Amino acid sequence: MLAAVSTAPVATTAGLGDGLYSAEQAARGAEAYRATCSSCHALDLHGNSNSPGLRGIGFLFIWEGRSLGELYTSIRTTMPQESPNSLTQGQYLDILAYILEQNGYPAGGADLANAPGELDTVVISAP
């Protein structure tokens, strides 16, 4: 008896190792981060006694196993603390790209975008 073989394409989910942002986007994010985030989260993204780290073990402790969409939504709806959701969607995505870069995730050829539900499919894990 022969088994049927499917020729349908297999759906794949992009991961953080696939270069989901561009180097140019991360550079824009670095500028936006310095202007709006560094006073609380520090220039090196390691945070302080009042703000969590956005780099290294402190970042992974909070975000590992959660989705990139959840991180994006958290940043957009709660930051900057004195005026949440005050940046453009592009600025928030640029900052997210910078955070990814600073955590060792590789850049790719296109900017990170927020297509409906797309960021929710990317799970944060150690680089």
# chains A, B, ... in the order shown; residues from 1 in each chain; ligands from 1
call {"tool": "residues_around", "arguments": {"residues": "segment 70-78 of chain A", "least_positions_apart": "4", "cutoff": "8 Å", "atoms": "only C-alpha atoms", "output": "list in words"}}
result
Trp63, Arg66, Ser83, Pro84, Asn85, Leu87, Gln89, Tyr92, Leu93, Leu96, Leu119 and Asp120 of chain A
call {"tool": "residues_around", "arguments": {"residues": "Tyr105 of chain A", "least_positions_apart": "6", "cutoff": "7 Å", "atoms": "only C-alpha atoms", "output": "ChimeraX atom specification"}}
result
/A:16-17,127
call {"tool": "residues_around", "arguments": {"residues": "Ala30 of chain A", "least_positions_apart": "2", "cutoff": "12 Å", "atoms": "only C-alpha atoms", "output": "PDB file with C-alpha atoms, in the first residue's frame"}}
result
ATOM      1  CA  ALA A  23      20.379  47.725   9.967  1.00  0.00           C
ATOM      2  CA  GLU A  24      19.066  51.122   8.839  1.00  0.00           C
ATOM      3  CA  GLN A  25      15.924  50.648  10.915  1.00  0.00           C
ATOM      4  CA  ALA A  26      17.986  49.728  13.986  1.00  0.00           C
ATOM      5  CA  ALA A  27      20.092  52.884  13.457  1.00  0.00           C
ATOM      6  CA  ARG A  28      16.923  54.992  13.398  1.00  0.00           C
ATOM      7  CA  ALA A  32      14.758  57.384  18.915  1.00  0.00           C
ATOM      8  CA  TYR A  33      15.821  55.263  21.901  1.00  0.00           C
ATOM      9  CA  ARG A  34      18.424  57.808  23.005  1.00  0.00           C
ATOM     10  CA  ALA A  35      15.848  60.601  22.735  1.00  0.00           C
ATOM     11  CA  THR A  36      12.903  58.886  24.451  1.00  0.00           C
ATOM     12  CA  CYS A  37      14.003  55.766  26.361  1.00  0.00           C
ATOM     13  CA  SER A  38      17.567  56.092  27.619  1.00  0.00           C
ATOM     14  CA  LEU A  43      22.115  54.265  27.278  1.00  0.00           C
ATOM     15  CA  ASP A  44      23.371  50.659  27.397  1.00  0.00           C
ATOM     16  CA  LEU A  45      19.782  49.281  27.694  1.00  0.00           C
ATOM     17  CA  GLN A  91       9.303  55.031  15.691  1.00  0.00           C
ATOM     18  CA  TYR A  92       8.104  52.224  17.954  1.00  0.00           C
ATOM     19  CA  LEU A  93       9.091  49.637  15.335  1.00  0.00           C
ATOM     20  CA  ASP A  94      12.495  51.315  14.921  1.00  0.00           C
ATOM     21  CA  ILE A  95      13.066  51.158  18.685  1.00  0.00           C
ATOM     22  CA  LEU A  96      12.027  47.501  18.692  1.00  0.00           C
ATOM     23  CA  ALA A  97      14.527  46.846  15.877  1.00  0.00           C
ATOM     24  CA  TYR A  98      17.239  48.537  17.942  1.00  0.00           C
ATOM     25  CA  ILE A  99      16.380  46.393  20.971  1.00  0.00           C
ATOM     26  CA  LEU A 100      16.624  43.278  18.787  1.00  0.00           C
ATOM     27  CA  GLU A 101      19.979  44.396  17.400  1.00  0.00           C
ATOM     28  CA  GLN A 102      21.347  45.089  20.877  1.00  0.00           C
TER      29      GLN A 102
END
call {"tool": "residues_around", "arguments": {"residues": "Ile124 of chain A", "least_positions_apart": "6", "cutoff": "6 Å", "atoms": "only C-alpha atoms", "output": "ChimeraX atom specification"}}
result
/A:64-67
call {"tool": "closest_residue", "arguments": {"among": "A:Ala42, A:Gly90, A:Met79, A:Ser49", "to": "Asp111 of chain A", "atoms": "only C-alpha atoms"}}
result
A:Gly90
call {"tool": "closest_residue", "arguments": {"among": "A:Leu60, A:Gly69, A:Gly53, A:Ser39", "to": "Val122 of chain A", "atoms": "only C-alpha atoms"}}
result
A:Gly69
call {"tool": "select_by_dssp", "arguments": {"residues": "chain A", "states": "alpha helix (DSSP H)", "output": "ChimeraX atom specification"}}
result
/A:23-36,38-41,56-63,68-78,89-102
call {"tool": "closest_residue", "arguments": {"among": "A:Cys40, A:Val123, A:Ala14, A:Leu54", "to": "Gly104 of chain A", "atoms": "only C-alpha atoms"}}
result
A:Leu54
call {"tool": "atom_distance", "arguments": {"atom1": "atom CA of Gly19 of chain A", "atom2": "atom CA of Asn103 of chain A"}}
result
12.6 Å
call {"tool": "atom_distance", "arguments": {"atom1": "atom CA of Ser22 of chain A", "atom2": "atom CA of Arg55 of chain A"}}
result
18.4 Å
call {"tool": "atom_distance", "arguments": {"atom1": "atom CA of Glu118 of chain A", "atom2": "atom CA of Asp18 of chain A"}}
result
13.9 Å
call {"tool": "decode", "arguments": {"residues": "segment 60-101 of chain A", "atoms": "N, CA and C atoms", "output": "compact mmCIF listing (two decimals), in the first residue's frame"}}
result
# COMPACT_ATOMS: atom_id res chain seq x y z
N LEU A 60 15.77 38.85 28.57
CA LEU A 60 15.27 37.49 28.39
C LEU A 60 14.48 37.01 29.59
N PHE A 61 14.85 37.42 30.79
CA PHE A 61 14.11 37.02 31.99
C PHE A 61 12.64 37.41 31.87
N ILE A 62 12.39 38.59 31.35
CA ILE A 62 11.02 39.08 31.23
C ILE A 62 10.34 38.60 29.95
N TRP A 63 11.06 38.56 28.83
CA TRP A 63 10.42 38.37 27.53
C TRP A 63 10.59 37.01 26.87
N GLU A 64 11.49 36.18 27.32
CA GLU A 64 11.68 34.88 26.67
C GLU A 64 10.40 34.07 26.73
N GLY A 65 10.02 33.50 25.60
CA GLY A 65 8.81 32.70 25.50
C GLY A 65 7.57 33.50 25.16
N ARG A 66 7.68 34.80 25.18
CA ARG A 66 6.55 35.67 24.82
C ARG A 66 6.74 36.15 23.38
N SER A 67 5.71 36.70 22.79
CA SER A 67 5.79 37.08 21.38
C SER A 67 6.34 38.48 21.18
N LEU A 68 6.90 38.67 20.00
CA LEU A 68 7.39 39.99 19.61
C LEU A 68 6.23 40.98 19.55
N GLY A 69 5.05 40.50 19.19
CA GLY A 69 3.86 41.34 19.17
C GLY A 69 3.49 41.83 20.55
N GLU A 70 3.65 40.98 21.54
CA GLU A 70 3.36 41.36 22.92
C GLU A 70 4.34 42.43 23.39
N LEU A 71 5.62 42.27 23.03
CA LEU A 71 6.63 43.27 23.38
C LEU A 71 6.32 44.60 22.70
N TYR A 72 6.01 44.56 21.41
CA TYR A 72 5.68 45.78 20.67
C TYR A 72 4.49 46.49 21.31
N THR A 73 3.44 45.75 21.61
CA THR A 73 2.25 46.34 22.21
C THR A 73 2.56 46.94 23.57
N SER A 74 3.37 46.25 24.36
CA SER A 74 3.74 46.77 25.67
C SER A 74 4.51 48.09 25.54
N ILE A 75 5.47 48.13 24.62
CA ILE A 75 6.24 49.36 24.43
C ILE A 75 5.33 50.49 23.97
N ARG A 76 4.48 50.20 22.99
CA ARG A 76 3.63 51.24 22.41
C ARG A 76 2.59 51.76 23.40
N THR A 77 2.04 50.90 24.22
CA THR A 77 0.95 51.33 25.10
C THR A 77 1.40 51.85 26.46
N THR A 78 2.68 51.64 26.81
CA THR A 78 3.14 52.08 28.13
C THR A 78 4.34 53.02 28.10
N MET A 79 4.93 53.24 26.94
CA MET A 79 6.15 54.05 26.85
C MET A 79 6.02 55.19 25.84
N PRO A 80 6.70 56.28 26.03
CA PRO A 80 7.39 56.67 27.25
C PRO A 80 6.39 56.79 28.40
N GLN A 81 6.87 56.55 29.58
CA GLN A 81 6.00 56.46 30.74
C GLN A 81 5.15 57.71 30.93
N GLU A 82 5.73 58.88 30.66
CA GLU A 82 4.98 60.12 30.87
C GLU A 82 3.99 60.42 29.74
N SER A 83 4.13 59.74 28.61
CA SER A 83 3.18 59.96 27.49
C SER A 83 3.12 58.73 26.58
N PRO A 84 2.48 57.66 27.08
CA PRO A 84 2.38 56.44 26.28
C PRO A 84 1.71 56.67 24.93
N ASN A 85 2.13 55.88 23.95
CA ASN A 85 1.57 55.91 22.60
C ASN A 85 1.73 57.27 21.94
N SER A 86 2.78 58.01 22.30
CA SER A 86 2.98 59.35 21.75
C SER A 86 3.93 59.36 20.55
N LEU A 87 4.57 58.23 20.26
CA LEU A 87 5.44 58.15 19.09
C LEU A 87 4.65 57.58 17.92
N THR A 88 5.23 57.66 16.74
CA THR A 88 4.56 57.05 15.58
C THR A 88 4.78 55.54 15.61
N GLN A 89 3.97 54.81 14.87
CA GLN A 89 4.15 53.36 14.77
C GLN A 89 5.55 53.06 14.25
N GLY A 90 6.01 53.83 13.29
CA GLY A 90 7.35 53.64 12.74
C GLY A 90 8.44 53.82 13.78
N GLN A 91 8.30 54.81 14.64
CA GLN A 91 9.30 55.03 15.69
C GLN A 91 9.32 53.87 16.69
N TYR A 92 8.15 53.37 17.04
CA TYR A 92 8.10 52.22 17.95
C TYR A 92 8.74 51.00 17.30
N LEU A 93 8.48 50.77 16.03
CA LEU A 93 9.09 49.64 15.34
C LEU A 93 10.60 49.81 15.22
N ASP A 94 11.06 51.04 14.98
CA ASP A 94 12.49 51.31 14.92
C ASP A 94 13.15 51.01 16.27
N ILE A 95 12.53 51.43 17.35
CA ILE A 95 13.07 51.16 18.69
C ILE A 95 13.10 49.66 18.95
N LEU A 96 12.06 48.95 18.54
CA LEU A 96 12.03 47.50 18.69
C LEU A 96 13.17 46.86 17.90
N ALA A 97 13.41 47.35 16.69
CA ALA A 97 14.53 46.85 15.88
C ALA A 97 15.85 47.07 16.59
N TYR A 98 16.02 48.23 17.20
CA TYR A 98 17.24 48.54 17.94
C TYR A 98 17.40 47.60 19.13
N ILE A 99 16.33 47.33 19.84
CA ILE A 99 16.38 46.39 20.97
C ILE A 99 16.80 45.01 20.48
N LEU A 100 16.25 44.58 19.35
CA LEU A 100 16.62 43.28 18.79
C LEU A 100 18.11 43.25 18.42
N GLU A 101 18.57 44.31 17.78
CA GLU A 101 19.98 44.40 17.40
C GLU A 101 20.87 44.31 18.63
